[in-house]
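Visitor: Could you have a look at this structure, given as structure tokens, before my questions?
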Amino acid sequence: MARDETQLRYASSHEWADLQQEGDDTVATVGISAFAIEQLNDLVYMDLPEVGTAVTAGEEMGEVESVKAVSPLYSPVTGEVIEVHSELPDNLEKLNDDPYDFGWIVKIKVTDESGIDQLLDHPTYQKQCAESE
Amino acid sequence: MVPSSSRTGETGRLIPPDEGAHDGSQPSVESPDGNMAVDQLLLQSIEGASPPVLRFYRWNEPTLSLGYFQSLADRQLHSDSGPCAIVRRATGGGAILHHHEITYSVAVAAKNLAGPALDLYRQIHQVWIETLADFGVSARVYRELPESCPAESAATPESFLCFQRRTDEDLIISGYKILGSAQRKTRHGILQHGSLLLKSSRFAPQLPGIRELTGADIHAAALSKRFARRLAAAWSLRWQTEPLSVAERDDALAIAEQKFRADRWLRRR
């Protein structure tokens with residue numbers, strides 16, 4: 001089933017997080033918003049973290065290159081990377097068409113939920129995007 | 001775009017080419033790794049809405065700089081630059097042979113950006129077009145060239161050399177690229193640096209410079225000075241010339257040693 005972007009949470013740095021309960025754990029599937037992909041314009045490279053990497057909300061977890069600009073990817077949550085979308089870096093052109101399903105980047109097992117409240121809901125994130133244009 | 005109108009009238013910082021400490025206690029930072037370290041320092045020094053910084057720099061030896069995502073092994077694709085020093089940039093794009101050129105960098109706070117980062121390429125390159133016109137040289141951005149305009153036959157998106165790639169905002173003379181820029185972004189700001197090819201290098205003889213393409217032999221210092229003046233006018237600010245301080249040079253030399261000179265950085269891809 002296609003992921004509903006209106007139900008996702010967003011970092012102000014434009015990463016989305018789909019938070020799901022899996023047993024006792026909260027797992028965040030993470031990607032980049034359609035707005036950010038459009039702003040970045042023509043992604044050509046992506047560096048992803050390795051499985052097992054500890055990530056912190058608001059800190060860098062990867063990098064992308066578009067039009068000769070290298071930009072950081074920030075983790076929207078604190079936790080451990082448990083899965084990486086390894087097909088993505090070789091198929092970045094698909095991100096434009098499918099940022100919320102094929103475009104997932106990593107899955108993170110949340111180890112500290114204190115930062116989740118800082119994430120924006122969809123209407124608030126849309127407002128932020130509109131103000132930055 | 002940059003800076004936003006609310007910053008009009010502010011003072012930006014102009015960093016001239018580095019001479020090292022006056023008392024000889026510090027070397028110049030214009031080594032391959034030192035130059036990249038200073039640009040990193042400028043980017044990480046951006047705080048809040050700190051005013052723009054414009055830096056011009058030289059290279060103390062002919063240097064090949066790799067784009068951040070390029071493979072070191074691909075250096076074998078360009079034998080002419082084999083004898084040159086090499087460094088990996090923190091910015092994207094293709095490899096650049098830094099020899100007879102003007103190298104500039106600009107650090108701008110995110111809070112002073114009123115549009116997408118791509119606009120920074122557009123604005124700064126427009127100022128370069130106007131600056132070159134002051135010296136009788138006519139350059140155009142790639143996106144405005146008619147399709148009938150002859151393109152350099154070697155230019156492809158995958159070329160090893162930056163100057164044999166094309167993106168919309170590159171500056172072109174007679175089908176050849178003479179200015180390319182690249183960026184590194186953080187949540188606090190953008191560092192954009194770029195190279196203007198004044199004349200061809202024996203280490204990249206396939207790339208003609210402004211002199212070969214137009215006959216114009218432009219003095220780098222005069223061109224830099226004019227560019228700074230035009231950029232100040234475009235951004236409604238004035239520059240205060242402020243060379244690197246002793247502390248900044250110390251910080252840059254430490255970054256150079258720990259990061260840009262380190263084998264793990266150069267060989268990361």
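Following the order of the structure tokens, first chain is A, next is B, and so on, with residues numbered from 1 inside each chain and ligands from 1 in the order they appear.
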I'd like the neighbourhood of Ala95 of chain B as a CSV table (one decimal) with all heavy atoms, in the first residue's frame, where a residue qualifies if any of its atoms comes within 8 Å (using only C-alpha atoms), though same-chain residues fewer than 4 positions away should be ignored.
Guide:
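Listing of out-v9.csv after writing:
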```
chain,number,residue,atom,x,y,z
B,64,LEU,N,45.5,19.1,-8.9
B,64,LEU,CA,44.2,18.5,-9.3
B,64,LEU,C,43.3,18.3,-8.1
B,64,LEU,O,43.7,17.6,-7.2
B,64,LEU,CB,44.5,17.1,-10.0
B,64,LEU,CG,43.3,16.4,-10.6
B,64,LEU,CD1,42.9,17.1,-12.0
B,64,LEU,CD2,43.5,14.9,-10.8
B,65,SER,N,42.1,18.9,-8.2
B,65,SER,CA,41.2,18.7,-7.1
B,65,SER,C,40.1,17.8,-7.6
B,65,SER,O,39.5,18.0,-8.7
B,65,SER,CB,40.6,20.0,-6.5
B,65,SER,OG,39.7,20.6,-7.4
B,66,LEU,N,39.8,16.7,-6.8
B,66,LEU,CA,38.7,15.8,-7.2
B,66,LEU,C,37.4,16.2,-6.6
B,66,LEU,O,37.4,16.8,-5.5
B,66,LEU,CB,39.0,14.4,-6.6
B,66,LEU,CG,40.2,13.6,-7.2
B,66,LEU,CD1,40.3,12.3,-6.3
B,66,LEU,CD2,39.9,13.2,-8.6
B,67,GLY,N,36.3,16.0,-7.3
B,67,GLY,CA,35.0,16.2,-6.7
B,67,GLY,C,34.8,15.3,-5.6
B,67,GLY,O,35.3,14.2,-5.6
B,70,GLN,N,34.0,11.7,-6.6
B,70,GLN,CA,34.8,11.1,-7.6
B,70,GLN,C,35.7,10.0,-7.0
B,70,GLN,O,36.1,10.1,-5.9
B,70,GLN,CB,35.6,12.1,-8.3
B,70,GLN,CG,34.8,12.9,-9.3
B,70,GLN,CD,35.7,13.7,-10.3
B,70,GLN,OE1,36.4,14.7,-9.8
B,70,GLN,NE2,35.7,13.4,-11.5
B,160,PHE,N,35.7,13.2,-16.7
B,160,PHE,CA,36.5,13.3,-15.5
B,160,PHE,C,36.7,14.8,-15.1
B,160,PHE,O,36.6,15.1,-13.9
B,160,PHE,CB,37.8,12.6,-15.7
B,160,PHE,CG,38.7,12.7,-14.5
B,160,PHE,CD1,38.5,12.1,-13.3
B,160,PHE,CD2,39.9,13.4,-14.6
B,160,PHE,CE1,39.3,12.2,-12.2
B,160,PHE,CE2,40.8,13.6,-13.6
B,160,PHE,CZ,40.5,12.9,-12.4
B,161,LEU,N,37.0,15.6,-16.0
B,161,LEU,CA,37.3,17.0,-15.7
B,161,LEU,C,36.0,17.8,-15.7
B,161,LEU,O,35.2,17.8,-16.6
B,161,LEU,CB,38.2,17.6,-16.8
B,161,LEU,CG,39.6,17.0,-16.9
B,161,LEU,CD1,40.4,17.6,-18.1
B,161,LEU,CD2,40.4,17.3,-15.6
B,162,CYS,N,36.0,18.6,-14.6
B,162,CYS,CA,34.8,19.5,-14.5
B,162,CYS,C,34.6,20.4,-15.7
B,162,CYS,O,33.5,20.6,-16.2
B,162,CYS,CB,35.1,20.4,-13.3
B,162,CYS,SG,33.9,21.8,-13.1
```
Visitor: Pick out the chain B residues within 9 Å of chain A. Count only C-alpha atoms. Give them as a PyMOL selection string.
Guide: chain B and resi 67-69+90-94+114-118+167+181-187+192
Visitor: Take the residues that were just selected and, keeping C-alpha atoms, output them as a PDB file, in the first residue's frame.
Guide:
```
ATOM      1  CA  GLY B  67      34.998  16.246  -6.721  1.00  0.00           C
ATOM      2  CA  TYR B  68      33.737  14.837  -3.426  1.00  0.00           C
ATOM      3  CA  PHE B  69      32.094  11.787  -4.966  1.00  0.00           C
ATOM      4  CA  ALA B  90      34.275  18.644  -0.025  1.00  0.00           C
ATOM      5  CA  THR B  91      32.138  19.923  -2.913  1.00  0.00           C
ATOM      6  CA  GLY B  92      30.630  18.093  -5.850  1.00  0.00           C
ATOM      7  CA  GLY B  93      31.320  18.044  -9.569  1.00  0.00           C
ATOM      8  CA  GLY B  94      34.301  16.892 -11.604  1.00  0.00           C
ATOM      9  CA  ALA B 114      15.987  34.045   0.076  1.00  0.00           C
ATOM     10  CA  GLY B 115      15.757  31.243  -2.480  1.00  0.00           C
ATOM     11  CA  PRO B 116      17.163  27.870  -3.459  1.00  0.00           C
ATOM     12  CA  ALA B 117      20.897  27.335  -3.335  1.00  0.00           C
ATOM     13  CA  LEU B 118      20.951  27.015  -7.129  1.00  0.00           C
ATOM     14  CA  THR B 167      25.569  22.422 -16.107  1.00  0.00           C
ATOM     15  CA  SER B 181      31.514  26.404  -9.360  1.00  0.00           C
ATOM     16  CA  ALA B 182      30.470  23.849  -6.751  1.00  0.00           C
ATOM     17  CA  GLN B 183      28.835  23.947  -3.325  1.00  0.00           C
ATOM     18  CA  ARG B 184      28.812  22.386   0.111  1.00  0.00           C
ATOM     19  CA  LYS B 185      25.790  22.974   2.298  1.00  0.00           C
ATOM     20  CA  THR B 186      25.124  22.712   6.020  1.00  0.00           C
ATOM     21  CA  ARG B 187      21.999  23.681   7.928  1.00  0.00           C
ATOM     22  CA  GLN B 192      30.443  27.946  -2.950  1.00  0.00           C
TER      23      GLN B 192
END
```
Visitor: What separation in Å, quoted to one decimal, exists between atom CA of Arg261 of chain B and atom CA of Val29 of chain B?
Guide: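 Separating atom CA of Arg261 of chain B from atom CA of Val29 of chain B is a distance of 12.6 Å.
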Visitor: Determine which residues of segment 23-113 of chain A receive a DSSP assignment of strand (DSSP E), computed from the backbone, and state them as an MDAnalysis selection string.
Guide: chainID A and resid 25:32 43:47 54:55 60:66 69:74 78:84 106:112
Visitor: Extract, using only C-alpha atoms, all DNA, RNA and protein residues at most 6 Å from segment 123-129 of chain B, discarding same-chain residues fewer than 3 positions from it, and format them as an MDAnalysis selection string.
Guide: chainID B and resid 120 132 139
Visitor: May I have the residues within 8 Å of Arg230 of chain B as a list in words, using only C-alpha atoms and disregarding those fewer than 2 positions away in the same chain?
Guide: Val127, Glu130, Thr131, Arg226, Phe227, Ala228, Ala232, Ala233 and Ala234 of chain B
Visitor: Convert the current residue selection to file output with all heavy atoms, as a PDB file, in the first residue's frame.
Guide:
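Listing of out-v6.pdb after writing:
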```pdb
ATOM      1  N   VAL B 127      27.500  37.950 -12.044  1.00  0.00           N
ATOM      2  CA  VAL B 127      28.482  38.985 -11.695  1.00  0.00           C
ATOM      3  C   VAL B 127      29.809  38.725 -12.418  1.00  0.00           C
ATOM      4  O   VAL B 127      30.475  39.669 -12.864  1.00  0.00           O
ATOM      5  CB  VAL B 127      28.680  39.046 -10.159  1.00  0.00           C
ATOM      6  CG1 VAL B 127      29.807  40.003  -9.790  1.00  0.00           C
ATOM      7  CG2 VAL B 127      27.379  39.487  -9.481  1.00  0.00           C
ATOM      8  N   GLU B 130      29.442  40.032 -15.972  1.00  0.00           N
ATOM      9  CA  GLU B 130      29.563  41.496 -16.025  1.00  0.00           C
ATOM     10  C   GLU B 130      31.012  41.930 -15.795  1.00  0.00           C
ATOM     11  O   GLU B 130      31.499  42.878 -16.423  1.00  0.00           O
ATOM     12  CB  GLU B 130      28.637  42.116 -14.968  1.00  0.00           C
ATOM     13  CG  GLU B 130      27.156  41.878 -15.284  1.00  0.00           C
ATOM     14  CD  GLU B 130      26.244  42.114 -14.083  1.00  0.00           C
ATOM     15  OE1 GLU B 130      26.754  42.535 -13.023  1.00  0.00           O
ATOM     16  OE2 GLU B 130      25.032  41.860 -14.216  1.00  0.00           O
ATOM     17  N   THR B 131      31.693  41.225 -14.911  1.00  0.00           N
ATOM     18  CA  THR B 131      33.096  41.565 -14.632  1.00  0.00           C
ATOM     19  C   THR B 131      33.956  41.313 -15.866  1.00  0.00           C
ATOM     20  O   THR B 131      34.796  42.147 -16.240  1.00  0.00           O
ATOM     21  CB  THR B 131      33.618  40.723 -13.449  1.00  0.00           C
ATOM     22  OG1 THR B 131      32.778  40.946 -12.318  1.00  0.00           O
ATOM     23  CG2 THR B 131      35.050  41.078 -13.117  1.00  0.00           C
ATOM     24  N   ARG B 226      37.740  43.828  -9.470  1.00  0.00           N
ATOM     25  CA  ARG B 226      36.526  44.281 -10.141  1.00  0.00           C
ATOM     26  C   ARG B 226      35.336  43.393  -9.775  1.00  0.00           C
ATOM     27  O   ARG B 226      34.222  43.863  -9.573  1.00  0.00           O
ATOM     28  CB  ARG B 226      36.741  44.302 -11.668  1.00  0.00           C
ATOM     29  CG  ARG B 226      35.550  44.824 -12.463  1.00  0.00           C
ATOM     30  CD  ARG B 226      35.250  46.283 -12.158  1.00  0.00           C
ATOM     31  NE  ARG B 226      36.342  47.131 -12.544  1.00  0.00           N
ATOM     32  CZ  ARG B 226      36.405  47.803 -13.697  1.00  0.00           C
ATOM     33  NH1 ARG B 226      35.413  47.739 -14.537  1.00  0.00           N
ATOM     34  NH2 ARG B 226      37.453  48.565 -13.983  1.00  0.00           N
ATOM     35  N   PHE B 227      35.599  42.095  -9.698  1.00  0.00           N
ATOM     36  CA  PHE B 227      34.514  41.171  -9.317  1.00  0.00           C
ATOM     37  C   PHE B 227      33.991  41.507  -7.928  1.00  0.00           C
ATOM     38  O   PHE B 227      32.778  41.538  -7.700  1.00  0.00           O
ATOM     39  CB  PHE B 227      35.011  39.721  -9.357  1.00  0.00           C
ATOM     40  CG  PHE B 227      34.012  38.732  -8.824  1.00  0.00           C
ATOM     41  CD1 PHE B 227      32.970  38.282  -9.623  1.00  0.00           C
ATOM     42  CD2 PHE B 227      34.092  38.264  -7.513  1.00  0.00           C
ATOM     43  CE1 PHE B 227      32.029  37.384  -9.126  1.00  0.00           C
ATOM     44  CE2 PHE B 227      33.158  37.359  -7.014  1.00  0.00           C
ATOM     45  CZ  PHE B 227      32.124  36.918  -7.826  1.00  0.00           C
ATOM     46  N   ALA B 228      34.915  41.740  -7.006  1.00  0.00           N
ATOM     47  CA  ALA B 228      34.498  42.055  -5.624  1.00  0.00           C
ATOM     48  C   ALA B 228      33.630  43.311  -5.611  1.00  0.00           C
ATOM     49  O   ALA B 228      32.609  43.377  -4.906  1.00  0.00           O
ATOM     50  CB  ALA B 228      35.729  42.236  -4.738  1.00  0.00           C
ATOM     51  N   ALA B 232      29.707  43.348  -4.525  1.00  0.00           N
ATOM     52  CA  ALA B 232      29.247  44.238  -3.445  1.00  0.00           C
ATOM     53  C   ALA B 232      28.042  45.051  -3.906  1.00  0.00           C
ATOM     54  O   ALA B 232      27.060  45.213  -3.164  1.00  0.00           O
ATOM     55  CB  ALA B 232      30.381  45.151  -3.007  1.00  0.00           C
ATOM     56  N   ALA B 233      28.105  45.535  -5.134  1.00  0.00           N
ATOM     57  CA  ALA B 233      26.976  46.315  -5.668  1.00  0.00           C
ATOM     58  C   ALA B 233      25.740  45.439  -5.809  1.00  0.00           C
ATOM     59  O   ALA B 233      24.619  45.849  -5.458  1.00  0.00           O
ATOM     60  CB  ALA B 233      27.364  46.928  -7.011  1.00  0.00           C
ATOM     61  N   ALA B 234      25.937  44.216  -6.288  1.00  0.00           N
ATOM     62  CA  ALA B 234      24.799  43.312  -6.489  1.00  0.00           C
ATOM     63  C   ALA B 234      24.151  42.948  -5.159  1.00  0.00           C
ATOM     64  O   ALA B 234      22.931  42.758  -5.086  1.00  0.00           O
ATOM     65  CB  ALA B 234      25.261  42.053  -7.214  1.00  0.00           C
TER      66      ALA B 234
END
```
Visitor: Hey, what's within 12 Å of Glu22 of chain A if we count only C-alpha atoms and toss same-chain stuff fewer than 4 positions away? As a list in words, please?
Guide: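 Near Glu22 of chain A, the qualifying residues are Thr26, Val27, Ala28, Thr29, Lys107, Ile108, Lys109 and Val110 of chain A.
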Visitor: Tell me, in Å to one decimal, how far atom CA of Asn35 of chain B is from atom CA of Glu169 of chain B.
Guide: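 A separation of 23.9 Å between them.
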Visitor: Between atom CA of Thr63 of chain B and atom CA of Leu223 of chain B, what distance in Å does the model show, to one decimal?
Guide: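 So the two atoms, atom CA of Thr63 of chain B and atom CA of Leu223 of chain B, lie 21.7 Å apart.
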Visitor: From the list B:Ser71, B:Ser45, B:Ser105, B:Ser195, which residue is nearest Asp170 of chain B when using only C-alpha atoms?
Guide: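 Going through B:Ser71, B:Ser45, B:Ser105, B:Ser195 one by one, the smallest distance to Asp170 of chain B is for B:Ser195.
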Visitor: Output as JSON, numbers by chain all residues of chain A that backbone DSSP marks as helix (DSSP H, G or I).
Guide: {"A": [5, 6, 7, 34, 35, 36, 37, 38, 39, 40, 88, 89, 90, 92, 93, 94, 95, 113, 114, 115, 116, 117, 118, 122, 123, 124, 125, 126, 127, 128, 129, 130, 131, 132]}
Visitor: What lies within 7 Å of Asp18 of chain A using only C-alpha atoms, ignoring chain neighbours under 2 positions off, as a list in words?
Guide: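 Contacts, with the query itself left out: Leu8, Arg9, Trp16, Gln20, Ala28, Thr29 and Val30 of chain A.
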Visitor: Would you save the residues of that selection, restricted to all heavy atoms, as a short mmCIF file (atom, residue, chain, number, x, y, z; two decimals), in the first residue's frame?
Guide:
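Writing done, so here's out-v8.cif:
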```
data_model
loop_
_atom_site.label_atom_id
_atom_site.label_comp_id
_atom_site.auth_asym_id
_atom_site.auth_seq_id
_atom_site.Cartn_x
_atom_site.Cartn_y
_atom_site.Cartn_z
N LEU A 8 2.75 11.30 7.61
CA LEU A 8 4.15 11.21 8.02
C LEU A 8 4.52 12.37 8.93
O LEU A 8 3.82 13.38 8.99
CB LEU A 8 5.06 11.21 6.77
CG LEU A 8 4.75 10.12 5.73
CD1 LEU A 8 5.64 10.28 4.50
CD2 LEU A 8 4.95 8.73 6.34
N ARG A 9 5.65 12.22 9.60
CA ARG A 9 6.20 13.32 10.39
C ARG A 9 7.43 13.84 9.65
O ARG A 9 8.10 13.09 8.94
CB ARG A 9 6.59 12.83 11.78
CG ARG A 9 5.45 12.18 12.53
CD ARG A 9 4.39 13.21 12.93
NE ARG A 9 4.89 14.16 13.90
CZ ARG A 9 4.87 13.96 15.22
NH1 ARG A 9 4.38 12.85 15.72
NH2 ARG A 9 5.34 14.88 16.05
N TRP A 16 11.47 12.92 5.93
CA TRP A 16 10.22 12.43 6.49
C TRP A 16 10.48 11.16 7.29
O TRP A 16 11.47 10.45 7.07
CB TRP A 16 9.16 12.18 5.41
CG TRP A 16 9.52 11.27 4.27
CD1 TRP A 16 9.90 11.65 3.02
CD2 TRP A 16 9.48 9.83 4.25
NE1 TRP A 16 10.12 10.54 2.23
CE2 TRP A 16 9.87 9.41 2.94
CE3 TRP A 16 9.17 8.85 5.19
CZ2 TRP A 16 9.96 8.07 2.58
CZ3 TRP A 16 9.25 7.51 4.82
CH2 TRP A 16 9.64 7.14 3.54
N GLN A 20 6.34 3.50 12.97
CA GLN A 20 5.47 2.34 13.17
C GLN A 20 5.94 1.54 14.38
O GLN A 20 7.14 1.46 14.65
CB GLN A 20 5.51 1.42 11.92
CG GLN A 20 5.06 2.08 10.63
CD GLN A 20 3.56 2.35 10.59
OE1 GLN A 20 2.79 1.71 11.32
NE2 GLN A 20 3.13 3.29 9.76
N ALA A 28 11.35 3.80 12.55
CA ALA A 28 11.11 4.92 11.64
C ALA A 28 11.67 4.58 10.27
O ALA A 28 12.87 4.31 10.14
CB ALA A 28 11.78 6.19 12.17
N THR A 29 10.80 4.58 9.26
CA THR A 29 11.27 4.52 7.89
C THR A 29 11.47 5.97 7.44
O THR A 29 10.57 6.81 7.64
CB THR A 29 10.26 3.82 6.98
OG1 THR A 29 9.99 2.53 7.52
CG2 THR A 29 10.80 3.67 5.56
N VAL A 30 12.62 6.25 6.85
CA VAL A 30 13.03 7.64 6.62
C VAL A 30 13.32 7.89 5.15
O VAL A 30 13.91 7.03 4.46
CB VAL A 30 14.29 7.96 7.46
CG1 VAL A 30 14.85 9.33 7.13
CG2 VAL A 30 13.97 7.85 8.95
#
```
Visitor: Smallest atom-to-atom distance to Ala109 of chain B: which of B:Ala216, B:Ile190, B:Val246, B:Leu207, using only C-alpha atoms?
Guide: B:Ile190
Visitor: I'd like the neighbourhood of Asp97 of chain A as a PDB file with C-alpha atoms, in the first residue's frame, where a residue qualifies if any of its atoms comes within 12 Å (using only C-alpha atoms), though same-chain residues fewer than 5 positions away should be ignored.
Guide:
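What landed in out34.pdb:
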```
ATOM      1  CA  SER A  33      10.340  14.969   1.057  1.00  0.00           C
ATOM      2  CA  ALA A  34       9.114  15.696  -2.468  1.00  0.00           C
ATOM      3  CA  PHE A  35       9.671  19.401  -1.794  1.00  0.00           C
ATOM      4  CA  ILE A  37      13.893  16.575  -3.915  1.00  0.00           C
ATOM      5  CA  GLU A  38      12.513  19.257  -6.177  1.00  0.00           C
ATOM      6  CA  ASN A  91      18.275   4.564  -9.043  1.00  0.00           C
ATOM      7  CA  LEU A  92      18.118   8.160  -7.862  1.00  0.00           C
ATOM      8  CA  PHE A 102      10.568   3.624  -3.518  1.00  0.00           C
ATOM      9  CA  GLY A 103      12.361   6.663  -2.057  1.00  0.00           C
TER      10      GLY A 103
END
```
Visitor: Given only C-alpha atoms as the basis, pick out the residue of B:Ser81, B:Ser50, B:Gln76, B:Ser236 nearest to Lys111 of chain B.
Guide: B:Ser50
